[in-house]
Amino acid sequence: MTRTDLKKWLFLTAILFISIPMTAQNKLFTLEDLNWGGNNFYNLQPKNLWFTWWGDELMYLDAEEGGKLHADGTHEAVFQLSDIGDDWHSAYSAQYPYPDQTLVLLSNSRQRVLYDFGKKSVEWRQTTAGENNSDWNAQSRAVAYVKDNQLFVRTADDAEHQLTTDGSREIVYGQSVHRNEFGIEKGTFWSPNGKKLAFYRMDQSMVTDYPQVDIFHRTAEYVPDKYPMAGETSHKVTVGVYDLETGKTTYLQAGDPTDRYFTNIAWSPDSKTIYMFELNRDQNDCRLVSYAATGERLSELYRETDDCYVEPMHPIMFLPWDDDKFILQSQRDGYNHLYIYNKEGKMIRQLTSGAFVVMDVLGFNTKEKAVIIKANADHPLCHNHYAVSTKNGKMTRLDNGKGVHNAMLSTSGTMLADKYSAPDVPRRIDLIDMQRSTLHAQHSTILNANDPCKEQGYQLPTYESGTLKAADGVTDLYWRMVKPADFDATKKYPTVVYVYGGPHANNVEASYRWGSRSWETYMAQKGYVLFILDNRGSQYRGKAFEQVTFRQLGQVEMQDQMEGIKYLKSLPFVDADRIGVHGWSFGGFMTISLMVNYPDVFKVGVAGGPVIDWQWYEVMYGERYMDTPQTNPEGYKKTSLLKQAKNLKGKLQIITGYNDDTVVPQHCLSFLAACIEAGTQPDFFVYPGEPHNMRGHQSVHLHERITQYFEDYLK
């Protein structure tokens, strides 16, 4: 499908949504129906399936059993929990670690077992009591885990080995470091043969404590967080390697870890070499370095610098058919793309190129010597899967080229379980077989789900999408609009702009209802128009699109959002005197920024967990986009909202979790103090004990509160 064809499809889909008859849709939603914490939320979600791979056999996951999921959607159970014992409560976490053996891996709080569903017997058991951050290896059947702040390894014979003794709140082992930036999600990394374990050690004893308080005691208790703020002292990370055969631990000889980030750890296929990206604190100089498993530094294989920042997010991946070559990801040419390098650091070729972003590498098709990727090569709003030949870089799309796809690749790389949605498709799951003809996928539909909201007669709004130009007059920006079900173009509607606007996120995509959040449906039901625009600085549009906000967060973003306001004011049905704005986190920062920079435009705002001054945000994220307060004082001054508290005119409600450890409460409280001094009057609400986002049913309460604020002051 060409881009022109896709644009036609997107337009026709939007028209389809506009023209859906609403005569039979009479039921009204509550937040218990729409909000993920609500008691009826899951009953109104399109039917879904959970699955994993056993080699090239697709296996379904269920509460009581597991088994084969055939191409026609039928199920064939291979085991039931009752076969294994009485203390098993769910099979959703089942894994099939050995493609050539009838073994399923299951674990609970007491034990981990390999059950042989061919022989109908337990083949192996291992204790799990006390494990946190567990990381099990299929080759050695050893597991790494944290218990009482110490790092342990339990071997296949169920023997426990304690690797550390000095673990504490200040010395952290085997867990994610650098505050989960740079793609880091865990702290332990097994070698391919399962005989060696690389792990993080983070010394944060020098990091300032942020004084959080737990109020749920007779007398409130002090429970500080280690929180390195921009420009302040950060933690130090080192990487250890434990050898199961010798029982010894060594550390990589990477030099002084002060003001350095170590990330994206990978092993060589022979388990003898470790590869790691090393980044300076300014985050503009990134190097790929190799180390012997015994700790010796071997060589620097790759270096990338940038005037703004380099952001390594992916470990290297060796080609399964060639242990001498690996895939490296970089956006050095302006978009995240794949490059093939050899172990000596020589680039063999750039594998992908063009004005699109490679979002993920799913794995390899060894037979065809192809890399299977997810990218937005067909359209910026679509996420599709492609096979890329490592011989010549030829890309072959594997799915239908529409919508947003999330697929799971089989062991051999010849099968895809593809779960996707499109603006007019709630959910569909296809089985894609790449073996029937060379890289020309064959599809079997396993599930084609309907929308329960339509089936149950709920009144649905209309969902539309389109483009407008950014403040630069050149760049296309994508928007979504949600209108009431009984929309009348001759009437004037209060309009709420929902905004995030920050890095590593986007709101508008070609998934069901254009990616609309359920709260938008609720607000449209109450008679509002909702408008959502992805400004420059958001993700999946390339490096220049993202980095235009460097050292001045919020400024370009506001300019683009105001282009959205110009568009809204050009629409006869938008009441220009009743425009509101709402966002959370970076979106909370954007909400207040818009309220105080354009006080005559926005009548009402609700800001959740807002950043107020970037000097109080954490080192890794904050300094990447703003540098330090010491090196960019003008940028920090310009983006701080404290001095602008005096400009507040409209009604503003600020909401935060009382124990937010992401955007600490100092932000909200300092802004309140500035407003008191300036004589302006925001409203404030806190959720005791809650972190950055409200959990469980409290989310329903939160969205009731947000809604009511607009009802009180914007309607």
# chains A, B, ... in the order shown; residues from 1 in each chain; ligands from 1
$ residues_around --residues "A:Ala449" --least-positions-apart "5" --cutoff "6 Å" --atoms "only C-alpha atoms" --output "PyMOL selection string"
chain A and resi 46-47+427
$ residues_around --residues "stretch 169-171 of chain A" --least-positions-apart "2" --cutoff "6 Å" --atoms "only C-alpha atoms" --output "list in words"
Gly167, Met202, Asp203, Gln204 and Ser205 of chain A
$ write_last_selection --atoms "all heavy atoms" --output "PDB file, in the first residue's frame"
ATOM      1  N   GLY A 167      24.519  -5.348  50.355  1.00  0.00           N
ATOM      2  CA  GLY A 167      23.338  -4.754  49.756  1.00  0.00           C
ATOM      3  C   GLY A 167      22.491  -4.029  50.788  1.00  0.00           C
ATOM      4  O   GLY A 167      22.367  -4.473  51.942  1.00  0.00           O
ATOM      5  N   MET A 202      24.586  -0.672  42.037  1.00  0.00           N
ATOM      6  CA  MET A 202      24.390   0.771  42.065  1.00  0.00           C
ATOM      7  C   MET A 202      24.649   1.305  43.465  1.00  0.00           C
ATOM      8  O   MET A 202      23.960   0.940  44.424  1.00  0.00           O
ATOM      9  CB  MET A 202      22.970   1.137  41.623  1.00  0.00           C
ATOM     10  CG  MET A 202      22.677   2.627  41.662  1.00  0.00           C
ATOM     11  SD  MET A 202      21.091   3.071  40.890  1.00  0.00           S
ATOM     12  CE  MET A 202      19.931   2.226  41.978  1.00  0.00           C
ATOM     13  N   ASP A 203      25.658   2.165  43.572  1.00  0.00           N
ATOM     14  CA  ASP A 203      25.964   2.833  44.830  1.00  0.00           C
ATOM     15  C   ASP A 203      25.290   4.203  44.796  1.00  0.00           C
ATOM     16  O   ASP A 203      25.689   5.086  44.048  1.00  0.00           O
ATOM     17  CB  ASP A 203      27.478   2.986  44.986  1.00  0.00           C
ATOM     18  CG  ASP A 203      27.875   3.664  46.291  1.00  0.00           C
ATOM     19  OD1 ASP A 203      26.976   4.122  47.028  1.00  0.00           O
ATOM     20  OD2 ASP A 203      29.095   3.756  46.569  1.00  0.00           O
ATOM     21  N   GLN A 204      24.239   4.364  45.599  1.00  0.00           N
ATOM     22  CA  GLN A 204      23.542   5.642  45.658  1.00  0.00           C
ATOM     23  C   GLN A 204      23.644   6.280  47.046  1.00  0.00           C
ATOM     24  O   GLN A 204      22.817   7.103  47.437  1.00  0.00           O
ATOM     25  CB  GLN A 204      22.083   5.482  45.239  1.00  0.00           C
ATOM     26  CG  GLN A 204      21.295   4.440  45.975  1.00  0.00           C
ATOM     27  CD  GLN A 204      19.865   4.334  45.440  1.00  0.00           C
ATOM     28  OE1 GLN A 204      19.450   5.036  44.522  1.00  0.00           O
ATOM     29  NE2 GLN A 204      19.089   3.447  46.041  1.00  0.00           N
ATOM     30  N   SER A 205      24.695   5.889  47.766  1.00  0.00           N
ATOM     31  CA  SER A 205      24.890   6.437  49.110  1.00  0.00           C
ATOM     32  C   SER A 205      25.146   7.939  49.078  1.00  0.00           C
ATOM     33  O   SER A 205      24.872   8.650  50.051  1.00  0.00           O
ATOM     34  CB  SER A 205      26.051   5.721  49.809  1.00  0.00           C
ATOM     35  OG  SER A 205      27.257   5.871  49.066  1.00  0.00           O
TER      36      SER A 205
END
$ residues_around --residues "A:Phe51" --least-positions-apart "4" --cutoff "12 Å" --atoms "only C-alpha atoms" --output "count of residues only"
32
$ residues_around --residues "A:Gly38" --least-positions-apart "5" --cutoff "10 Å" --atoms "only C-alpha atoms" --output "list of chain:residue names"
A:Thr30, A:Leu31, A:Glu32, A:Asp33, A:Gly696, A:His697, A:Gln698, A:Ser699, A:Val700, A:His701
$ atom_distance --atom1 "atom CA of A:Glu563" --atom2 "atom CA of A:Tyr540"
20.4 Å
$ select_by_dssp --residues "stretch 419-590 of chain A" --states "strand (DSSP E)" --output "ChimeraX atom specification"
/A:419-422,425-433,442-449,462-469,476-483,493-498,529-533,574-584
$ residues_around --residues "A:Cys382" --least-positions-apart "6" --cutoff "6 Å" --atoms "only C-alpha atoms" --output "mmCIF file with N, CA, C and O atoms, in the first residue's frame"
data_model
loop_
_atom_site.group_PDB
_atom_site.id
_atom_site.type_symbol
_atom_site.label_atom_id
_atom_site.label_comp_id
_atom_site.auth_asym_id
_atom_site.auth_seq_id
_atom_site.Cartn_x
_atom_site.Cartn_y
_atom_site.Cartn_z
ATOM 1 N N ASN A 376 7.307 2.396 11.225
ATOM 2 C CA ASN A 376 6.207 3.178 10.643
ATOM 3 C C ASN A 376 6.572 3.632 9.235
ATOM 4 O O ASN A 376 6.376 4.792 8.863
ATOM 5 N N GLY A 403 -3.222 0.315 10.306
ATOM 6 C CA GLY A 403 -3.379 0.238 11.739
ATOM 7 C C GLY A 403 -2.101 0.137 12.531
ATOM 8 O O GLY A 403 -1.001 0.443 12.070
ATOM 9 N N VAL A 404 -2.255 -0.318 13.795
ATOM 10 C CA VAL A 404 -1.151 -0.472 14.740
ATOM 11 C C VAL A 404 -1.040 -1.942 15.110
ATOM 12 O O VAL A 404 -1.970 -2.523 15.669
ATOM 13 N N ALA A 510 -3.000 5.223 14.404
ATOM 14 C CA ALA A 510 -4.045 4.595 13.593
ATOM 15 C C ALA A 510 -4.566 3.306 14.210
ATOM 16 O O ALA A 510 -4.887 2.347 13.506
#
$ atom_distance --atom1 "atom CA of A:Val581" --atom2 "atom CA of A:Val496"
5.3 Å
$ closest_atom_pairs --of "stretch 504-618 of chain A" --to "stretch 344-365 of chain A" --cutoff "10 Å" --atoms "only C-alpha atoms" --output "tab-separated table"
residue	atom	partner	partner_atom	distance
A:Gln539	CA	A:Val357	CA	9.4
A:Tyr540	CA	A:Val357	CA	5.9
A:Arg541	CA	A:Val357	CA	7.0
A:Gly542	CA	A:Val357	CA	6.6
A:Lys543	CA	A:Val357	CA	9.5
$ residues_around --residues "A:Gln126" --least-positions-apart "6" --cutoff "10 Å" --atoms "only C-alpha atoms" --output "ChimeraX atom specification"
/A:107,110-114,141-143,154-159
$ write_last_selection --atoms "C-alpha atoms" --output "CSV table (one decimal), in the first residue's frame"
chain,number,residue,atom,x,y,z
A,107,SER,CA,6.0,-20.7,38.9
A,110,ARG,CA,6.6,-21.2,46.6
A,111,GLN,CA,8.0,-23.2,43.6
A,112,ARG,CA,9.0,-23.2,40.0
A,113,VAL,CA,8.3,-26.4,38.0
A,114,LEU,CA,8.9,-27.8,34.6
A,141,ARG,CA,18.0,-23.7,35.0
A,142,ALA,CA,19.6,-21.3,37.4
A,143,VAL,CA,17.8,-18.2,38.6
A,154,ARG,CA,19.8,-20.6,42.9
A,155,THR,CA,21.2,-23.4,40.8
A,156,ALA,CA,19.3,-26.2,39.1
A,157,ASP,CA,19.9,-28.5,42.1
A,158,ASP,CA,18.0,-26.0,44.3
A,159,ALA,CA,21.2,-24.8,46.1
$ residues_around --residues "A:Arg578" --least-positions-apart "4" --cutoff "7 Å" --atoms "only C-alpha atoms" --output "VMD selection string"
chain A and resid 494 to 495 603 714
$ closest_residue --among "A:Gly231, A:Pro315, A:Pro629, A:Gly689" --to "A:Thr263" --atoms "only C-alpha atoms"
A:Pro315
$ atom_distance --atom1 "atom CA of A:Met276" --atom2 "atom CA of A:Gly174"
16.2 Å
